[in-house]
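Q: Please find one structure pasted underneath; my questions will follow.
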Amino acid sequence: MKKLVFIPLALFIGLVVFLFIGLRHDPREIPSPLINKAAPSFQLPQLHDPQKTLSAQDMRGKVWLLNFWGTWCIACREEHPWLLEYAKSNAVPIVGIDYKYSSDTSDERTAAMRMLAEVGNPYSLTVYDADGRVSIDYGVYGAPESFLIDKSGVIRFKQIGPITEDVWRDKIVPLARQLNQ
Amino acid sequence: MKRATFTTLAILSLVTAIVAQVAQPLEDPAIEERMRNLTKQLRCPVCQSETVAESQAPLAQDLRREVREQIKAGKSDQEIMAYVSQRYTDFALYNPPVKTTTYLLWFGPFLLLLMGTVLLFRYVKRRRELIKVKPLTAEERRRAEKLLSEM
């Protein structure tokens, strides 16, 4: 009979444990179904020269970082100076996909070119996804999002939100080095 | 009076202008109906407590467009749902499939119900033992009588 007293306590402790796990868990973070899968193919016009295109296929044989961004995205602007720093280290080429949603009628291409000219361009190359189709193919929902893709075109790592210094130093750089061997 | 009529007309024309702007370009009602039914079962990845059907997030608008185009391309409902879950995981489905990773989600509540029922039955059984009328033994009766006589 005395033992019964401890049941509510045990239940309470169990609840607290679950709540603690919940605290450390970001509900906005959807695990990507694309990790260790082939990067969805795309062929998009380049931002600065619409006559030229770039496809995922063109990057075969390289370890590269694909970064989805837009001038309308505040977090991307925050990430931008960091990307400039990361690009200097030459650890991986960074390819940018500037995209916008179809409800956005502004001239994103011009705005993006202006922004890159003003604050610096961290990208080896930038392509332009005018109707956001490629961003949907990559399951992007909270720009900026970045994908580390290996030589055979498989996605090895995904970062939702800005790449922080920690993520760059502890995850992306070591993984890129390992994939380049 | 004239002024009132003028005000009414002004308000009416303003409302018409707003409605005209909000109204979407006309699509095939059958396709729209199917699109709405499908997107009602999808969770908007940006504003996670809303369905793709009702969310005004730009991404939800574009997902509605994608679903609409897939319908036009003759895709089945299953194919369209697979299209979304391949990109945004089962998390985007309000009716996720039953598989190893979702067993707890699907059967967890029944497990809790079962555990609760077992505990309840054990508790009630124990209570029943406690309230059972047990006749006093000869020794107990003697002691009781002694106590009563001392009062």
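So you can find residues: chains in the structure tokens are A, B, ... in the order shown, residues in each start at 1, and ligands are numbered from 1 in order.
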Give me the residues of stretch 92-129 of chain B that have any atom at most 12 Å from an atom of stretch 40-54 of chain B; for each, the nearest atom pair and the distance in Å, rounded to one decimal. Use only C-alpha atoms, sort by chain and number, and format it as a tab-separated table.
A:
residue	atom	partner	partner_atom	distance
B:Ala92	CA	B:Arg43	CA	4.6
B:Leu93	CA	B:Leu42	CA	4.9
B:Tyr94	CA	B:Gln41	CA	5.3
B:Asn95	CA	B:Gln41	CA	6.8
B:Pro96	CA	B:Gln41	CA	9.6
Q: Can you write just those residues out, C-alpha atoms, as an mmCIF file, in the first residue's frame?
A:
data_model
loop_
_atom_site.group_PDB
_atom_site.id
_atom_site.type_symbol
_atom_site.label_atom_id
_atom_site.label_comp_id
_atom_site.auth_asym_id
_atom_site.auth_seq_id
_atom_site.Cartn_x
_atom_site.Cartn_y
_atom_site.Cartn_z
ATOM 1 C CA ALA B 92 3.780 17.651 -43.142
ATOM 2 C CA LEU B 93 0.998 15.064 -43.215
ATOM 3 C CA TYR B 94 -1.853 15.462 -40.743
ATOM 4 C CA ASN B 95 -2.645 11.806 -41.295
ATOM 5 C CA PRO B 96 0.785 10.144 -41.154
#
Q: I need the residues in stretch 124-171 of chain A that are helix (DSSP H, G or I) according to DSSP; give them as a PyMOL selection string.
A: chain A and resi 133-137+165-171
Q: I need the chosen residues saved as a compact mmCIF listing (two decimals), in the first residue's frame, with N, CA and C atoms.
A:
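Wrote part-v3.txt, looks like this:
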# COMPACT_ATOMS: atom_id res chain seq x y z
N ARG A 133 10.54 27.03 -57.09
CA ARG A 133 10.29 25.59 -57.31
C ARG A 133 11.42 24.73 -56.77
N VAL A 134 12.66 25.16 -57.04
CA VAL A 134 13.80 24.36 -56.58
C VAL A 134 13.85 24.35 -55.06
N SER A 135 13.47 25.48 -54.45
CA SER A 135 13.49 25.51 -52.97
C SER A 135 12.49 24.51 -52.42
N ILE A 136 11.37 24.33 -53.09
CA ILE A 136 10.39 23.32 -52.64
C ILE A 136 10.95 21.91 -52.84
N ASP A 137 11.66 21.70 -53.98
CA ASP A 137 12.26 20.39 -54.22
C ASP A 137 13.26 20.01 -53.13
N GLU A 165 29.08 30.07 -36.36
CA GLU A 165 30.51 29.77 -36.34
C GLU A 165 30.77 28.34 -35.89
N ASP A 166 30.01 27.91 -34.86
CA ASP A 166 30.18 26.56 -34.32
C ASP A 166 29.89 25.51 -35.38
N VAL A 167 28.76 25.69 -36.06
CA VAL A 167 28.37 24.72 -37.08
C VAL A 167 29.41 24.68 -38.19
N TRP A 168 29.89 25.84 -38.59
CA TRP A 168 30.90 25.89 -39.64
C TRP A 168 32.18 25.18 -39.21
N ARG A 169 32.67 25.52 -38.02
CA ARG A 169 33.95 25.01 -37.55
C ARG A 169 33.86 23.52 -37.20
N ASP A 170 32.77 23.14 -36.50
CA ASP A 170 32.71 21.78 -35.95
C ASP A 170 32.03 20.77 -36.85
N LYS A 171 31.19 21.24 -37.77
CA LYS A 171 30.46 20.28 -38.59
C LYS A 171 30.88 20.36 -40.05
Q: Counting only C-alpha atoms, what are the residues of chain A within 8 Å of chain B, and for each of them which pair of atoms is the nearest and at what distance in Å, to one decimal? Sort the table by chain and rising number, as JSON lines.
A:
{"residue": "A:Arg28", "atom": "CA", "partner": "B:Gln48", "partner_atom": "CA", "distance": 7.7}
{"residue": "A:Ile30", "atom": "CA", "partner": "B:Phe91", "partner_atom": "CA", "distance": 7.3}
{"residue": "A:Pro31", "atom": "CA", "partner": "B:Thr89", "partner_atom": "CA", "distance": 7.5}
{"residue": "A:Ser32", "atom": "CA", "partner": "B:Thr89", "partner_atom": "CA", "distance": 7.0}
{"residue": "A:Pro33", "atom": "CA", "partner": "B:Thr89", "partner_atom": "CA", "distance": 5.8}
{"residue": "A:Leu34", "atom": "CA", "partner": "B:Arg87", "partner_atom": "CA", "distance": 7.5}
{"residue": "A:Tyr101", "atom": "CA", "partner": "B:Pro58", "partner_atom": "CA", "distance": 5.9}
{"residue": "A:Ser102", "atom": "CA", "partner": "B:Asp62", "partner_atom": "CA", "distance": 6.5}
{"residue": "A:Ser103", "atom": "CA", "partner": "B:Pro58", "partner_atom": "CA", "distance": 6.1}
{"residue": "A:Asp104", "atom": "CA", "partner": "B:Pro58", "partner_atom": "CA", "distance": 7.9}
{"residue": "A:Gly132", "atom": "CA", "partner": "B:Asp62", "partner_atom": "CA", "distance": 7.8}
{"residue": "A:Ile136", "atom": "CA", "partner": "B:Arg87", "partner_atom": "CA", "distance": 7.1}
{"residue": "A:Asp137", "atom": "CA", "partner": "B:Arg87", "partner_atom": "CA", "distance": 6.2}
{"residue": "A:Tyr138", "atom": "CA", "partner": "B:Arg87", "partner_atom": "CA", "distance": 6.3}
{"residue": "A:Gly139", "atom": "CA", "partner": "B:Arg87", "partner_atom": "CA", "distance": 4.5}
{"residue": "A:Tyr141", "atom": "CA", "partner": "B:Val46", "partner_atom": "CA", "distance": 6.0}
{"residue": "A:Gly142", "atom": "CA", "partner": "B:Val46", "partner_atom": "CA", "distance": 7.0}
Q: Kindly give the distance, in Å, that separates atom CA of A:Ser124 and atom CA of A:Ser106, rounded to a single decimal.
A: 24.9 Å
Q: Report, in Å to a single decimal, how far apart atom CA of A:Ala38 and atom CA of A:Leu83 are.
A: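 Distance reported for this atom pair: 24.4 Å.
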Q: Which polymer residues have any atom within 6 Å of an atom of A:Val63, counting only C-alpha atoms, with same-chain residues fewer than 5 positions away left out, as a short mmCIF file (atom, residue, chain, number, x, y, z; two decimals) with C-alpha atoms, in the first residue's frame?
A:
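Saved the output as around-v4.cif:
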data_model
loop_
_atom_site.label_atom_id
_atom_site.label_comp_id
_atom_site.auth_asym_id
_atom_site.auth_seq_id
_atom_site.Cartn_x
_atom_site.Cartn_y
_atom_site.Cartn_z
CA ILE A 149 26.79 17.91 -51.09
CA ASP A 150 29.53 15.38 -51.79
CA LYS A 151 31.39 14.51 -54.99
#
Q: Leaving out stretch 72-78 of chain A and any residue of its chain fewer than 2 positions from it, which residues lie within 8 Å of it when counting only C-alpha atoms, given as a list in words?
A: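 Residues near the query, excluding close chain neighbours: Trp69, Gly70, His80, Pro81, Trp82, Lys100, Ala143, Pro144, Gly161 and Pro162 of chain A.
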Q: So that I have them on file, write out the residues from the current selection with C-alpha atoms, as a PDB file, in the first residue's frame.
A:
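The resulting file, part.pdb, is reproduced below:
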ATOM      1  CA  TRP A  69      18.762  32.790 -49.641  1.00  0.00           C
ATOM      2  CA  GLY A  70      16.844  35.884 -50.663  1.00  0.00           C
ATOM      3  CA  HIS A  80      25.712  37.058 -45.096  1.00  0.00           C
ATOM      4  CA  PRO A  81      28.791  38.588 -43.359  1.00  0.00           C
ATOM      5  CA  TRP A  82      29.573  35.178 -41.896  1.00  0.00           C
ATOM      6  CA  LYS A 100      11.467  34.112 -53.921  1.00  0.00           C
ATOM      7  CA  ALA A 143      15.692  30.394 -45.299  1.00  0.00           C
ATOM      8  CA  PRO A 144      18.604  30.472 -45.093  1.00  0.00           C
ATOM      9  CA  GLY A 161      18.799  28.774 -40.438  1.00  0.00           C
ATOM     10  CA  PRO A 162      22.076  30.694 -40.482  1.00  0.00           C
TER      11      PRO A 162
END
Q: For the atom pair atom CA of A:Gln159 and atom CA of A:Val95, what is the interatomic distance in Å to one decimal place?
A: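 Answer for the atom CA of A:Gln159 to atom CA of A:Val95 separation: 14.5 Å.
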Q: Within 7 Å of stretch 26-36 of chain B, counting only C-alpha atoms, which residues show up once you throw out same-chain ones fewer than 6 positions away? Write them as a list of chain:residue names, please.
A: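 Near neighbours after the sequence-gap exclusion: B:Ala53, B:Val67, B:Arg68, B:Ile71.
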Q: Mind listing the strand (DSSP E or B) residues of stretch 13-130 of chain B, per DSSP on the backbone, as a list in words?
A: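 Strand (DSSP E or B) members of stretch 13-130 of chain B, listed: Leu42, Arg43, Thr51 and Leu93 of chain B.
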Q: Keeping only C-alpha atoms, take the residues you just selected and write them out as a compact mmCIF listing (two decimals), in the first residue's frame.
A:
# COMPACT_ATOMS: atom_id res chain seq x y z
CA LEU B 42 -1.12 19.03 -45.14
CA ARG B 43 0.62 20.91 -42.37
CA THR B 51 -2.99 23.60 -42.84
CA LEU B 93 1.00 15.06 -43.22
